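First up is the structure itself, then whatever we jot down about it.
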Amino acid sequence: MGWNSWDSYGTTVTEDEVLANAAVLAERLLPTGWDTVVVDIDWYDPAARSHGYNDGSTLVLDAYGRQLPAENRFPSAAGGRGFGPLADQVHALGLRFGVHMMRGIPRIAVEQGLPVEGTTWTARDAADTTSVCPWNDDNYGLDHGHPAAQAYLDGLVAQLAGWGVDFLKVDDMLAPYHPDAVEAWALAIERSGRDIVLSLSPGTHLSTAHVEHLREHAQMWRVCDDLWDRWEDVHAQFARLARWAPFQRPGGWADADMLPLGRIGLRAERGDPRHSLLTPEEQRTILTLWVMARSPLMVGGDLPTSDPATLDLLANPAVGHVLQNGTDGREVVREPLDDGELIVWTAVEGATTYVAVFWTGATPRTVSVPLASLVGHAGATGSWTTRDLWDPRTTPDLHPTPWEPEGALVLEVPSHGVRWVSCQPAEPIRPNQETA
């Protein structure tokens with residue numbers, strides 16, 4: 001759970017902007033679990049601009065071809081200190097610090113034949129110049145058949161670890177899938193001696209066939225391309241997350257991408273400055289779906305300039321609690337009804353069942369969901385209590401209140417919206433004498 005600079009600043013975020021967001025995260029959201037700050041792509045490009053990448057830009061590198069923060073954007077990096085001072089300030093707020101990296105080795109390092117630290121090899125020995133990213137030309141791939149490649153990565157990750165980096169988002173790894181690069185990054189992190197989370201991107205057409213390999217080497221992996229503040233992007237995630245949810249387990253998480261909530265697009269890759277175009281109901285839907293599917297949560301909005309309603313949404317205690325404590329999140333119902341779909345997810349925590357009832361249609365709809373489809377105690381009797389997790393002041397309708405086979409949750413669900421409730425037995429479940 002954390003904040004990432006991409007949706008607001010694209011390639012252009014500055015040190016002051018990172019610290020401003022970190023301060024709000026620590027003060028407003030850390031108590032409910034939001035604890036990580038991530039500087040996204042091209043922090044080593046002094047000429048970074050909004051709405052795209054610079055072809056052939058003069059990146060800031062050290063003598064061994066490793067990226068350094070651009071000092072015009074990150075002044076505390078002066079004197080070869082890298083991200084160390086910025087990471088120290090983030091850590092002082094009780095937060096973790098992360099950065100984005102691209103697969104491979106900078107083209108400039110290869111063209112200049114820079115040495116690989118501690119070896120007699122150069123970047124030319126390490127590089128695979130036939131392996132290139134189709135959307136960013138900063139790097140060549142690495143030739144993992146040559147020991148120079150692992151030596152370069154070991155030195156790069158050791159430097160990042162020395163700066164105090166806790167989280168690495170490594171891009172251009174999964175589309176197409178690069179198993180050699182995944183393994184090499186994992187090995188470099190292990191050799192660094194620092195506990196660093198490895199997050200892999202992007203997830204375009206990522207197959208569940210890779211899940212065992214992913215679990216062995218990474219902690220997070222994207223399952224989609226970049227997601228923006230469009231309903232069609234959110235709607236497409238229902239099917240993806242239903243496919244990936246059964247594979248979620250501690251230590252390895254399918255990632256549904258960043259949450260485009262709050263004020264975004266300030267200097268982003270896509271769109272102009274705006275508050276998220278998702279409606280309030282769609283914003284509840286995206287957060288609830290991500291939580292029920294146990295996706296990592298990285299919000300992309302600029303927190304200091306986002307509206308209070310967004311911060312209240314993110315700070316809802318149920319978000320962090322269910323994400324961290326709910327288990328067995330899964331889609332249990334999907335039914336087409338007129339102009340939309342009724343989609344129901346459940347998760348459990350002890351005797352409590354969390355239920356998310358989604359409606360994708362264009363107008364509100366009242367739906368009835370049998371309790372026996374949700375809590376799995378058919379043939380039992382007892383009384384149940386329900387609580388609305390988005391609005392604890394309301395009590396969802398439970399008809400009838402005592403458990404009966406025909407009992408149901410009756411909910412009015414907004415357009416593109418969700419009703420998110422907890423169901424808990426008010427007394428121990430006991431066999432129904434009439435059906436025993």
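Scheme for the structure tokens: letters A, B, ... for chains in order shown; per-chain residue numbers from 1; ligand numbers from 1 in order shown.
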
DSSP on the backbone: what in region 197-428 of chain A comes out alpha helix (DSSP H), as a PDB file with N, CA, C and O atoms, in the first residue's frame?
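Output file result13.pdb follows:
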ATOM      1  N   VAL A 211       2.968 -18.421 -13.052  1.00  0.00           N
ATOM      2  CA  VAL A 211       2.804 -18.070 -11.647  1.00  0.00           C
ATOM      3  C   VAL A 211       3.869 -18.701 -10.747  1.00  0.00           C
ATOM      4  O   VAL A 211       4.371 -18.042  -9.823  1.00  0.00           O
ATOM      5  N   GLU A 212       4.251 -19.935 -10.978  1.00  0.00           N
ATOM      6  CA  GLU A 212       5.245 -20.564 -10.109  1.00  0.00           C
ATOM      7  C   GLU A 212       6.599 -19.884 -10.243  1.00  0.00           C
ATOM      8  O   GLU A 212       7.299 -19.663  -9.243  1.00  0.00           O
ATOM      9  N   HIS A 213       6.977 -19.546 -11.459  1.00  0.00           N
ATOM     10  CA  HIS A 213       8.245 -18.845 -11.675  1.00  0.00           C
ATOM     11  C   HIS A 213       8.209 -17.463 -11.034  1.00  0.00           C
ATOM     12  O   HIS A 213       9.184 -17.022 -10.404  1.00  0.00           O
ATOM     13  N   LEU A 214       7.078 -16.773 -11.157  1.00  0.00           N
ATOM     14  CA  LEU A 214       6.935 -15.457 -10.555  1.00  0.00           C
ATOM     15  C   LEU A 214       7.033 -15.539  -9.032  1.00  0.00           C
ATOM     16  O   LEU A 214       7.736 -14.736  -8.399  1.00  0.00           O
ATOM     17  N   ARG A 215       6.332 -16.497  -8.440  1.00  0.00           N
ATOM     18  CA  ARG A 215       6.380 -16.640  -6.984  1.00  0.00           C
ATOM     19  C   ARG A 215       7.794 -16.911  -6.479  1.00  0.00           C
ATOM     20  O   ARG A 215       8.181 -16.458  -5.402  1.00  0.00           O
ATOM     21  N   GLU A 216       8.562 -17.641  -7.253  1.00  0.00           N
ATOM     22  CA  GLU A 216       9.907 -18.014  -6.825  1.00  0.00           C
ATOM     23  C   GLU A 216      10.843 -16.810  -6.801  1.00  0.00           C
ATOM     24  O   GLU A 216      11.773 -16.749  -5.993  1.00  0.00           O
ATOM     25  N   HIS A 217      10.579 -15.812  -7.680  1.00  0.00           N
ATOM     26  CA  HIS A 217      11.574 -14.758  -7.865  1.00  0.00           C
ATOM     27  C   HIS A 217      11.094 -13.346  -7.554  1.00  0.00           C
ATOM     28  O   HIS A 217      11.919 -12.433  -7.450  1.00  0.00           O
ATOM     29  N   TRP A 231     -13.809   4.123 -17.021  1.00  0.00           N
ATOM     30  CA  TRP A 231     -14.603   3.000 -16.551  1.00  0.00           C
ATOM     31  C   TRP A 231     -14.252   1.718 -17.296  1.00  0.00           C
ATOM     32  O   TRP A 231     -14.195   0.630 -16.700  1.00  0.00           O
ATOM     33  N   GLU A 232     -13.999   1.819 -18.610  1.00  0.00           N
ATOM     34  CA  GLU A 232     -13.694   0.599 -19.357  1.00  0.00           C
ATOM     35  C   GLU A 232     -12.415  -0.074 -18.833  1.00  0.00           C
ATOM     36  O   GLU A 232     -12.300  -1.307 -18.861  1.00  0.00           O
ATOM     37  N   ASP A 233     -11.453   0.708 -18.352  1.00  0.00           N
ATOM     38  CA  ASP A 233     -10.243   0.119 -17.777  1.00  0.00           C
ATOM     39  C   ASP A 233     -10.570  -0.638 -16.489  1.00  0.00           C
ATOM     40  O   ASP A 233     -10.058  -1.737 -16.243  1.00  0.00           O
ATOM     41  N   VAL A 234     -11.408  -0.030 -15.654  1.00  0.00           N
ATOM     42  CA  VAL A 234     -11.789  -0.679 -14.398  1.00  0.00           C
ATOM     43  C   VAL A 234     -12.607  -1.941 -14.679  1.00  0.00           C
ATOM     44  O   VAL A 234     -12.360  -3.007 -14.101  1.00  0.00           O
ATOM     45  N   HIS A 235     -13.576  -1.825 -15.587  1.00  0.00           N
ATOM     46  CA  HIS A 235     -14.457  -2.956 -15.880  1.00  0.00           C
ATOM     47  C   HIS A 235     -13.665  -4.163 -16.381  1.00  0.00           C
ATOM     48  O   HIS A 235     -13.977  -5.316 -16.044  1.00  0.00           O
ATOM     49  N   ALA A 236     -12.637  -3.917 -17.182  1.00  0.00           N
ATOM     50  CA  ALA A 236     -11.842  -5.024 -17.716  1.00  0.00           C
ATOM     51  C   ALA A 236     -11.124  -5.801 -16.619  1.00  0.00           C
ATOM     52  O   ALA A 236     -10.773  -6.975 -16.812  1.00  0.00           O
ATOM     53  N   GLN A 237     -10.918  -5.178 -15.463  1.00  0.00           N
ATOM     54  CA  GLN A 237     -10.179  -5.851 -14.397  1.00  0.00           C
ATOM     55  C   GLN A 237     -11.007  -6.921 -13.688  1.00  0.00           C
ATOM     56  O   GLN A 237     -10.437  -7.799 -13.033  1.00  0.00           O
ATOM     57  N   PHE A 238     -12.329  -6.862 -13.789  1.00  0.00           N
ATOM     58  CA  PHE A 238     -13.138  -7.897 -13.135  1.00  0.00           C
ATOM     59  C   PHE A 238     -12.737  -9.289 -13.627  1.00  0.00           C
ATOM     60  O   PHE A 238     -12.520 -10.201 -12.829  1.00  0.00           O
ATOM     61  N   ALA A 239     -12.642  -9.451 -14.926  1.00  0.00           N
ATOM     62  CA  ALA A 239     -12.301 -10.769 -15.477  1.00  0.00           C
ATOM     63  C   ALA A 239     -10.867 -11.149 -15.140  1.00  0.00           C
ATOM     64  O   ALA A 239     -10.585 -12.306 -14.795  1.00  0.00           O
ATOM     65  N   ARG A 240      -9.943 -10.175 -15.252  1.00  0.00           N
ATOM     66  CA  ARG A 240      -8.538 -10.499 -14.949  1.00  0.00           C
ATOM     67  C   ARG A 240      -8.377 -10.925 -13.501  1.00  0.00           C
ATOM     68  O   ARG A 240      -7.694 -11.911 -13.197  1.00  0.00           O
ATOM     69  N   LEU A 241      -8.976 -10.172 -12.591  1.00  0.00           N
ATOM     70  CA  LEU A 241      -8.783 -10.482 -11.180  1.00  0.00           C
ATOM     71  C   LEU A 241      -9.499 -11.758 -10.770  1.00  0.00           C
ATOM     72  O   LEU A 241      -9.026 -12.479  -9.882  1.00  0.00           O
ATOM     73  N   ALA A 242     -10.615 -12.063 -11.406  1.00  0.00           N
ATOM     74  CA  ALA A 242     -11.261 -13.349 -11.136  1.00  0.00           C
ATOM     75  C   ALA A 242     -10.340 -14.511 -11.524  1.00  0.00           C
ATOM     76  O   ALA A 242     -10.336 -15.562 -10.878  1.00  0.00           O
ATOM     77  N   ARG A 243      -9.568 -14.302 -12.589  1.00  0.00           N
ATOM     78  CA  ARG A 243      -8.626 -15.344 -13.033  1.00  0.00           C
ATOM     79  C   ARG A 243      -7.439 -15.470 -12.079  1.00  0.00           C
ATOM     80  O   ARG A 243      -6.956 -16.573 -11.798  1.00  0.00           O
ATOM     81  N   TRP A 244      -6.931 -14.329 -11.573  1.00  0.00           N
ATOM     82  CA  TRP A 244      -5.713 -14.339 -10.765  1.00  0.00           C
ATOM     83  C   TRP A 244      -5.970 -14.552  -9.278  1.00  0.00           C
ATOM     84  O   TRP A 244      -5.076 -14.996  -8.546  1.00  0.00           O
ATOM     85  N   PRO A 280     -17.590   9.057  -8.165  1.00  0.00           N
ATOM     86  CA  PRO A 280     -17.405   8.572  -6.794  1.00  0.00           C
ATOM     87  C   PRO A 280     -17.748   7.098  -6.620  1.00  0.00           C
ATOM     88  O   PRO A 280     -17.057   6.372  -5.891  1.00  0.00           O
ATOM     89  N   GLU A 281     -18.805   6.646  -7.290  1.00  0.00           N
ATOM     90  CA  GLU A 281     -19.169   5.226  -7.174  1.00  0.00           C
ATOM     91  C   GLU A 281     -18.131   4.334  -7.839  1.00  0.00           C
ATOM     92  O   GLU A 281     -17.808   3.244  -7.336  1.00  0.00           O
ATOM     93  N   GLU A 282     -17.604   4.776  -8.994  1.00  0.00           N
ATOM     94  CA  GLU A 282     -16.568   3.989  -9.664  1.00  0.00           C
ATOM     95  C   GLU A 282     -15.286   3.947  -8.839  1.00  0.00           C
ATOM     96  O   GLU A 282     -14.557   2.949  -8.862  1.00  0.00           O
ATOM     97  N   GLN A 283     -15.012   5.006  -8.099  1.00  0.00           N
ATOM     98  CA  GLN A 283     -13.837   5.012  -7.234  1.00  0.00           C
ATOM     99  C   GLN A 283     -13.984   4.003  -6.099  1.00  0.00           C
ATOM    100  O   GLN A 283     -13.031   3.310  -5.739  1.00  0.00           O
ATOM    101  N   ARG A 284     -15.171   3.906  -5.525  1.00  0.00           N
ATOM    102  CA  ARG A 284     -15.400   2.871  -4.523  1.00  0.00           C
ATOM    103  C   ARG A 284     -15.275   1.473  -5.138  1.00  0.00           C
ATOM    104  O   ARG A 284     -14.738   0.546  -4.515  1.00  0.00           O
ATOM    105  N   THR A 285     -15.750   1.335  -6.363  1.00  0.00           N
ATOM    106  CA  THR A 285     -15.656   0.041  -7.037  1.00  0.00           C
ATOM    107  C   THR A 285     -14.219  -0.388  -7.228  1.00  0.00           C
ATOM    108  O   THR A 285     -13.853  -1.536  -6.926  1.00  0.00           O
ATOM    109  N   ILE A 286     -13.370   0.513  -7.722  1.00  0.00           N
ATOM    110  CA  ILE A 286     -11.985   0.114  -7.994  1.00  0.00           C
ATOM    111  C   ILE A 286     -11.264  -0.257  -6.702  1.00  0.00           C
ATOM    112  O   ILE A 286     -10.562  -1.269  -6.641  1.00  0.00           O
ATOM    113  N   LEU A 287     -11.466   0.515  -5.658  1.00  0.00           N
ATOM    114  CA  LEU A 287     -10.799   0.196  -4.393  1.00  0.00           C
ATOM    115  C   LEU A 287     -11.313  -1.123  -3.815  1.00  0.00           C
ATOM    116  O   LEU A 287     -10.529  -1.962  -3.346  1.00  0.00           O
ATOM    117  N   THR A 288     -12.628  -1.319  -3.847  1.00  0.00           N
ATOM    118  CA  THR A 288     -13.200  -2.543  -3.280  1.00  0.00           C
ATOM    119  C   THR A 288     -12.748  -3.769  -4.050  1.00  0.00           C
ATOM    120  O   THR A 288     -12.380  -4.795  -3.455  1.00  0.00           O
ATOM    121  N   LEU A 289     -12.759  -3.688  -5.379  1.00  0.00           N
ATOM    122  CA  LEU A 289     -12.348  -4.840  -6.182  1.00  0.00           C
ATOM    123  C   LEU A 289     -10.890  -5.187  -5.927  1.00  0.00           C
ATOM    124  O   LEU A 289     -10.537  -6.356  -5.752  1.00  0.00           O
ATOM    125  N   TRP A 290     -10.014  -4.169  -5.905  1.00  0.00           N
ATOM    126  CA  TRP A 290      -8.587  -4.422  -5.663  1.00  0.00           C
ATOM    127  C   TRP A 290      -8.407  -5.101  -4.296  1.00  0.00           C
ATOM    128  O   TRP A 290      -7.634  -6.037  -4.158  1.00  0.00           O
ATOM    129  N   VAL A 291      -9.131  -4.604  -3.278  1.00  0.00           N
ATOM    130  CA  VAL A 291      -8.989  -5.167  -1.936  1.00  0.00           C
ATOM    131  C   VAL A 291      -9.496  -6.602  -1.892  1.00  0.00           C
ATOM    132  O   VAL A 291      -8.825  -7.497  -1.347  1.00  0.00           O
ATOM    133  N   MET A 292     -10.675  -6.855  -2.449  1.00  0.00           N
ATOM    134  CA  MET A 292     -11.235  -8.202  -2.391  1.00  0.00           C
ATOM    135  C   MET A 292     -10.378  -9.199  -3.163  1.00  0.00           C
ATOM    136  O   MET A 292     -10.303 -10.384  -2.812  1.00  0.00           O
ATOM    137  N   PRO A 308     -10.455  16.358  -0.265  1.00  0.00           N
ATOM    138  CA  PRO A 308     -10.606  15.617   0.992  1.00  0.00           C
ATOM    139  C   PRO A 308     -11.375  14.310   0.834  1.00  0.00           C
ATOM    140  O   PRO A 308     -11.091  13.333   1.539  1.00  0.00           O
ATOM    141  N   ALA A 309     -12.338  14.274  -0.097  1.00  0.00           N
ATOM    142  CA  ALA A 309     -13.118  13.047  -0.272  1.00  0.00           C
ATOM    143  C   ALA A 309     -12.227  11.883  -0.701  1.00  0.00           C
ATOM    144  O   ALA A 309     -12.453  10.732  -0.295  1.00  0.00           O
ATOM    145  N   THR A 310     -11.217  12.161  -1.529  1.00  0.00           N
ATOM    146  CA  THR A 310     -10.300  11.098  -1.955  1.00  0.00           C
ATOM    147  C   THR A 310      -9.504  10.577  -0.771  1.00  0.00           C
ATOM    148  O   THR A 310      -9.353   9.364  -0.591  1.00  0.00           O
ATOM    149  N   LEU A 311      -8.979  11.486   0.039  1.00  0.00           N
ATOM    150  CA  LEU A 311      -8.199  11.052   1.197  1.00  0.00           C
ATOM    151  C   LEU A 311      -9.069  10.272   2.176  1.00  0.00           C
ATOM    152  O   LEU A 311      -8.623   9.280   2.769  1.00  0.00           O
ATOM    153  N   ASP A 312     -10.320  10.699   2.341  1.00  0.00           N
ATOM    154  CA  ASP A 312     -11.234   9.961   3.212  1.00  0.00           C
ATOM    155  C   ASP A 312     -11.475   8.550   2.677  1.00  0.00           C
ATOM    156  O   ASP A 312     -11.542   7.578   3.440  1.00  0.00           O
ATOM    157  N   LEU A 313     -11.619   8.440   1.355  1.00  0.00           N
ATOM    158  CA  LEU A 313     -11.832   7.141   0.721  1.00  0.00           C
ATOM    159  C   LEU A 313     -10.655   6.210   1.003  1.00  0.00           C
ATOM    160  O   LEU A 313     -10.823   5.059   1.423  1.00  0.00           O
ATOM    161  N   LEU A 314      -9.438   6.722   0.781  1.00  0.00           N
ATOM    162  CA  LEU A 314      -8.239   5.909   0.966  1.00  0.00           C
ATOM    163  C   LEU A 314      -8.014   5.559   2.435  1.00  0.00           C
ATOM    164  O   LEU A 314      -7.482   4.489   2.751  1.00  0.00           O
ATOM    165  N   ALA A 315      -8.424   6.470   3.328  1.00  0.00           N
ATOM    166  CA  ALA A 315      -8.184   6.281   4.760  1.00  0.00           C
ATOM    167  C   ALA A 315      -9.251   5.429   5.436  1.00  0.00           C
ATOM    168  O   ALA A 315      -9.146   5.172   6.647  1.00  0.00           O
ATOM    169  N   PRO A 317     -10.757   2.701   7.233  1.00  0.00           N
ATOM    170  CA  PRO A 317     -10.038   1.597   7.890  1.00  0.00           C
ATOM    171  C   PRO A 317     -10.309   0.230   7.283  1.00  0.00           C
ATOM    172  O   PRO A 317      -9.449  -0.657   7.352  1.00  0.00           O
ATOM    173  N   ALA A 318     -11.489   0.048   6.680  1.00  0.00           N
ATOM    174  CA  ALA A 318     -11.805  -1.261   6.102  1.00  0.00           C
ATOM    175  C   ALA A 318     -10.883  -1.604   4.941  1.00  0.00           C
ATOM    176  O   ALA A 318     -10.618  -2.784   4.682  1.00  0.00           O
ATOM    177  N   VAL A 319     -10.383  -0.589   4.230  1.00  0.00           N
ATOM    178  CA  VAL A 319      -9.530  -0.848   3.060  1.00  0.00           C
ATOM    179  C   VAL A 319      -8.285  -1.611   3.476  1.00  0.00           C
ATOM    180  O   VAL A 319      -7.981  -2.699   2.967  1.00  0.00           O
ATOM    181  N   GLY A 320      -7.523  -1.044   4.403  1.00  0.00           N
ATOM    182  CA  GLY A 320      -6.313  -1.729   4.834  1.00  0.00           C
ATOM    183  C   GLY A 320      -6.596  -2.997   5.609  1.00  0.00           C
ATOM    184  O   GLY A 320      -5.886  -4.001   5.459  1.00  0.00           O
ATOM    185  N   HIS A 321      -7.652  -2.995   6.424  1.00  0.00           N
ATOM    186  CA  HIS A 321      -7.926  -4.158   7.257  1.00  0.00           C
ATOM    187  C   HIS A 321      -8.302  -5.375   6.414  1.00  0.00           C
ATOM    188  O   HIS A 321      -7.754  -6.475   6.621  1.00  0.00           O
ATOM    189  N   VAL A 322      -9.219  -5.206   5.482  1.00  0.00           N
ATOM    190  CA  VAL A 322      -9.649  -6.357   4.685  1.00  0.00           C
ATOM    191  C   VAL A 322      -8.527  -6.806   3.757  1.00  0.00           C
ATOM    192  O   VAL A 322      -8.315  -8.009   3.550  1.00  0.00           O
ATOM    193  N   LEU A 323      -7.775  -5.854   3.202  1.00  0.00           N
ATOM    194  CA  LEU A 323      -6.656  -6.228   2.333  1.00  0.00           C
ATOM    195  C   LEU A 323      -5.660  -7.102   3.091  1.00  0.00           C
ATOM    196  O   LEU A 323      -5.169  -8.106   2.566  1.00  0.00           O
ATOM    197  N   GLN A 324      -5.353  -6.721   4.331  1.00  0.00           N
ATOM    198  CA  GLN A 324      -4.310  -7.409   5.081  1.00  0.00           C
ATOM    199  C   GLN A 324      -4.802  -8.640   5.824  1.00  0.00           C
ATOM    200  O   GLN A 324      -4.002  -9.525   6.150  1.00  0.00           O
ATOM    201  N   ASN A 325      -6.111  -8.705   6.095  1.00  0.00           N
ATOM    202  CA  ASN A 325      -6.618  -9.798   6.927  1.00  0.00           C
ATOM    203  C   ASN A 325      -7.616 -10.720   6.236  1.00  0.00           C
ATOM    204  O   ASN A 325      -7.836 -11.846   6.695  1.00  0.00           O
TER     205      ASN A 325
END

Next on the checklist: If we count only C-alpha atoms and set the cut-off at 10 Å, which residues sit around Asp226 (chain A), ignoring sequence neighbours fewer than 2 positions away in its own chain? Please answer as a list in words.
Outcome noted: Asp7, Ser201, Pro202, Gly203, Thr204, Arg222, Val223, Cys224, Trp228, Asp233, Ala256, Asp257 and Met258 of chain A

Item to check | Residues near Glu269 (chain A), cut-off 9 Å, only C-alpha atoms, skip fewer than 3 positions along chain, as a ChimeraX atom specification | outcome: /A:6-11,49-53,265

Would you mind exporting the chosen residues as a JSON list (two decimals), in the first residue's frame, restricted to all heavy atoms?
[["chain", "number", "residue", "atom", "x", "y", "z"],
["A", 6, "TRP", "N", 3.75, 8.16, -10.90],
["A", 6, "TRP", "CA", 3.49, 8.06, -12.33],
["A", 6, "TRP", "C", 2.22, 8.77, -12.78],
["A", 6, "TRP", "O", 2.24, 9.55, -13.73],
["A", 6, "TRP", "CB", 3.44, 6.59, -12.75],
["A", 6, "TRP", "CG", 3.03, 6.38, -14.17],
["A", 6, "TRP", "CD1", 1.84, 5.88, -14.62],
["A", 6, "TRP", "CD2", 3.79, 6.66, -15.35],
["A", 6, "TRP", "NE1", 1.81, 5.82, -15.98],
["A", 6, "TRP", "CE2", 3.01, 6.30, -16.46],
["A", 6, "TRP", "CE3", 5.07, 7.17, -15.57],
["A", 6, "TRP", "CZ2", 3.45, 6.43, -17.77],
["A", 6, "TRP", "CZ3", 5.52, 7.30, -16.88],
["A", 6, "TRP", "CH2", 4.71, 6.94, -17.95],
["A", 7, "ASP", "N", 1.09, 8.51, -12.14],
["A", 7, "ASP", "CA", -0.18, 9.06, -12.62],
["A", 7, "ASP", "C", -0.23, 10.58, -12.55],
["A", 7, "ASP", "O", -0.97, 11.22, -13.31],
["A", 7, "ASP", "CB", -1.35, 8.50, -11.80],
["A", 7, "ASP", "CG", -1.68, 7.06, -12.15],
["A", 7, "ASP", "OD1", -1.07, 6.52, -13.10],
["A", 7, "ASP", "OD2", -2.52, 6.46, -11.47],
["A", 8, "SER", "N", 0.54, 11.17, -11.67],
["A", 8, "SER", "CA", 0.54, 12.62, -11.53],
["A", 8, "SER", "C", 1.67, 13.29, -12.31],
["A", 8, "SER", "O", 1.48, 14.33, -12.92],
["A", 8, "SER", "CB", 0.67, 13.02, -10.05],
["A", 8, "SER", "OG", -0.46, 12.63, -9.32],
["A", 9, "TYR", "N", 2.86, 12.67, -12.29],
["A", 9, "TYR", "CA", 4.06, 13.36, -12.78],
["A", 9, "TYR", "C", 4.78, 12.65, -13.91],
["A", 9, "TYR", "O", 5.77, 13.18, -14.42],
["A", 9, "TYR", "CB", 5.03, 13.57, -11.61],
["A", 9, "TYR", "CG", 4.46, 14.48, -10.54],
["A", 9, "TYR", "CD1", 3.97, 13.97, -9.35],
["A", 9, "TYR", "CD2", 4.38, 15.86, -10.76],
["A", 9, "TYR", "CE1", 3.44, 14.81, -8.37],
["A", 9, "TYR", "CE2", 3.85, 16.70, -9.79],
["A", 9, "TYR", "CZ", 3.39, 16.16, -8.61],
["A", 9, "TYR", "OH", 2.85, 16.99, -7.65],
["A", 10, "GLY", "N", 4.34, 11.48, -14.31],
["A", 10, "GLY", "CA", 5.02, 10.78, -15.40],
["A", 10, "GLY", "C", 6.50, 10.64, -15.12],
["A", 10, "GLY", "O", 6.91, 10.11, -14.09],
["A", 11, "THR", "N", 7.32, 11.16, -16.04],
["A", 11, "THR", "CA", 8.78, 11.05, -15.91],
["A", 11, "THR", "C", 9.40, 12.22, -15.15],
["A", 11, "THR", "O", 10.62, 12.28, -15.02],
["A", 11, "THR", "CB", 9.42, 11.01, -17.31],
["A", 11, "THR", "OG1", 9.18, 12.26, -17.98],
["A", 11, "THR", "CG2", 8.87, 9.88, -18.14],
["A", 49, "ARG", "N", 10.17, 15.29, -19.52],
["A", 49, "ARG", "CA", 9.04, 16.14, -19.88],
["A", 49, "ARG", "C", 7.75, 15.34, -19.73],
["A", 49, "ARG", "O", 7.75, 14.12, -19.64],
["A", 49, "ARG", "CB", 9.17, 16.61, -21.33],
["A", 49, "ARG", "CG", 9.21, 15.44, -22.32],
["A", 49, "ARG", "CD", 9.37, 15.89, -23.76],
["A", 49, "ARG", "NE", 9.46, 14.76, -24.66],
["A", 49, "ARG", "CZ", 8.41, 14.09, -25.15],
["A", 49, "ARG", "NH1", 7.18, 14.47, -24.83],
["A", 49, "ARG", "NH2", 8.57, 13.08, -25.98],
["A", 50, "SER", "N", 6.63, 16.06, -19.69],
["A", 50, "SER", "CA", 5.34, 15.39, -19.63],
["A", 50, "SER", "C", 4.97, 14.85, -21.00],
["A", 50, "SER", "O", 5.56, 15.23, -22.02],
["A", 50, "SER", "CB", 4.26, 16.35, -19.14],
["A", 50, "SER", "OG", 4.18, 17.48, -19.96],
["A", 51, "HIS", "N", 3.98, 13.94, -21.03],
["A", 51, "HIS", "CA", 3.42, 13.39, -22.26],
["A", 51, "HIS", "C", 4.45, 12.64, -23.11],
["A", 51, "HIS", "O", 4.47, 12.75, -24.33],
["A", 51, "HIS", "CB", 2.74, 14.48, -23.10],
["A", 51, "HIS", "CG", 1.58, 15.12, -22.41],
["A", 51, "HIS", "ND1", 1.60, 16.42, -21.97],
["A", 51, "HIS", "CD2", 0.38, 14.62, -22.03],
["A", 51, "HIS", "CE1", 0.44, 16.71, -21.38],
["A", 51, "HIS", "NE2", -0.31, 15.62, -21.40],
["A", 52, "GLY", "N", 5.32, 11.87, -22.47],
["A", 52, "GLY", "CA", 6.18, 11.01, -23.26],
["A", 52, "GLY", "C", 7.60, 10.96, -22.76],
["A", 52, "GLY", "O", 7.96, 11.53, -21.72],
["A", 53, "TYR", "N", 8.44, 10.26, -23.54],
["A", 53, "TYR", "CA", 9.85, 10.07, -23.21],
["A", 53, "TYR", "C", 10.72, 10.85, -24.18],
["A", 53, "TYR", "O", 10.32, 11.14, -25.31],
["A", 53, "TYR", "CB", 10.21, 8.58, -23.28],
["A", 53, "TYR", "CG", 9.36, 7.71, -22.39],
["A", 53, "TYR", "CD1", 8.29, 6.98, -22.93],
["A", 53, "TYR", "CD2", 9.61, 7.62, -21.04],
["A", 53, "TYR", "CE1", 7.51, 6.18, -22.11],
["A", 53, "TYR", "CE2", 8.82, 6.82, -20.22],
["A", 53, "TYR", "CZ", 7.78, 6.11, -20.76],
["A", 53, "TYR", "OH", 7.00, 5.32, -19.96],
["A", 265, "GLY", "N", -2.45, 13.65, -13.53],
["A", 265, "GLY", "CA", -2.16, 14.27, -14.82],
["A", 265, "GLY", "C", -1.46, 15.61, -14.74],
["A", 265, "GLY", "O", -1.46, 16.36, -15.72]]

Checklist entry - What is the distance between CA of Asp225 (chain A) and CA of Val170 (chain A), in Å to one decimal? => result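 Atom-to-atom, CA of Asp225 (chain A) and CA of Val170 (chain A) are spaced 14.1 Å apart.
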
Next on the checklist: So that I can check the secondary structure, give me every residue of region 268-400 of chain A assigned strand (DSSP E) by backbone DSSP, as a VMD selection string.
Outcome noted: chain A and resid 274 to 275 298 to 299 327 to 337 340 to 349 352 to 359 365 to 370 380 to 381 384 to 388 397 to 399

Item to check | Atomic separation - CA of Trp359 (chain A) relative to CA of Ile343 (chain A), Å | outcome: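 Going from CA of Ile343 (chain A) over to CA of Trp359 (chain A) covers 6.4 Å.
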
Checklist entry - With only C-alpha atoms as the atoms that count, which of A:Met173, A:Leu200, A:Ile264, A:Leu297 lies nearest to Trp34 (chain A)? => result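 Smallest separation from Trp34 (chain A) among the options: A:Leu297.
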
Item to check | Residue neighbourhood Leu277 (chain A), 9 Å, only C-alpha atoms, exclusion window fewer than 3 positions, as a ChimeraX atom specification | outcome: /A:229-231,260-261,274

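By chain and then residue number, the residues within 12 Å of Glu190 (chain A) are Leu153, Asp154, Val157, Ala158, Ala161, Glu183, Ala184, Trp185, Ala186, Leu187, Gly193, Arg194, Asp195, Ile196, Val197, Leu198, His217 and Ala218 of chain A, counting only C-alpha atoms and disregarding those fewer than 3 positions away in sequence.
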
Between region 138-174 of chain A and region 108-113 of chain A, at 10 Å or less, what are the per-residue closest atom pairs and their distances in Å? Count only C-alpha atoms, order by chain and rising residue number, and return it as CSV.
residue,atom,partner,partner_atom,distance
A:Asp138,CA,A:Ile108,CA,8.1
A:Asn139,CA,A:Ile108,CA,8.1
A:Tyr140,CA,A:Val110,CA,8.2
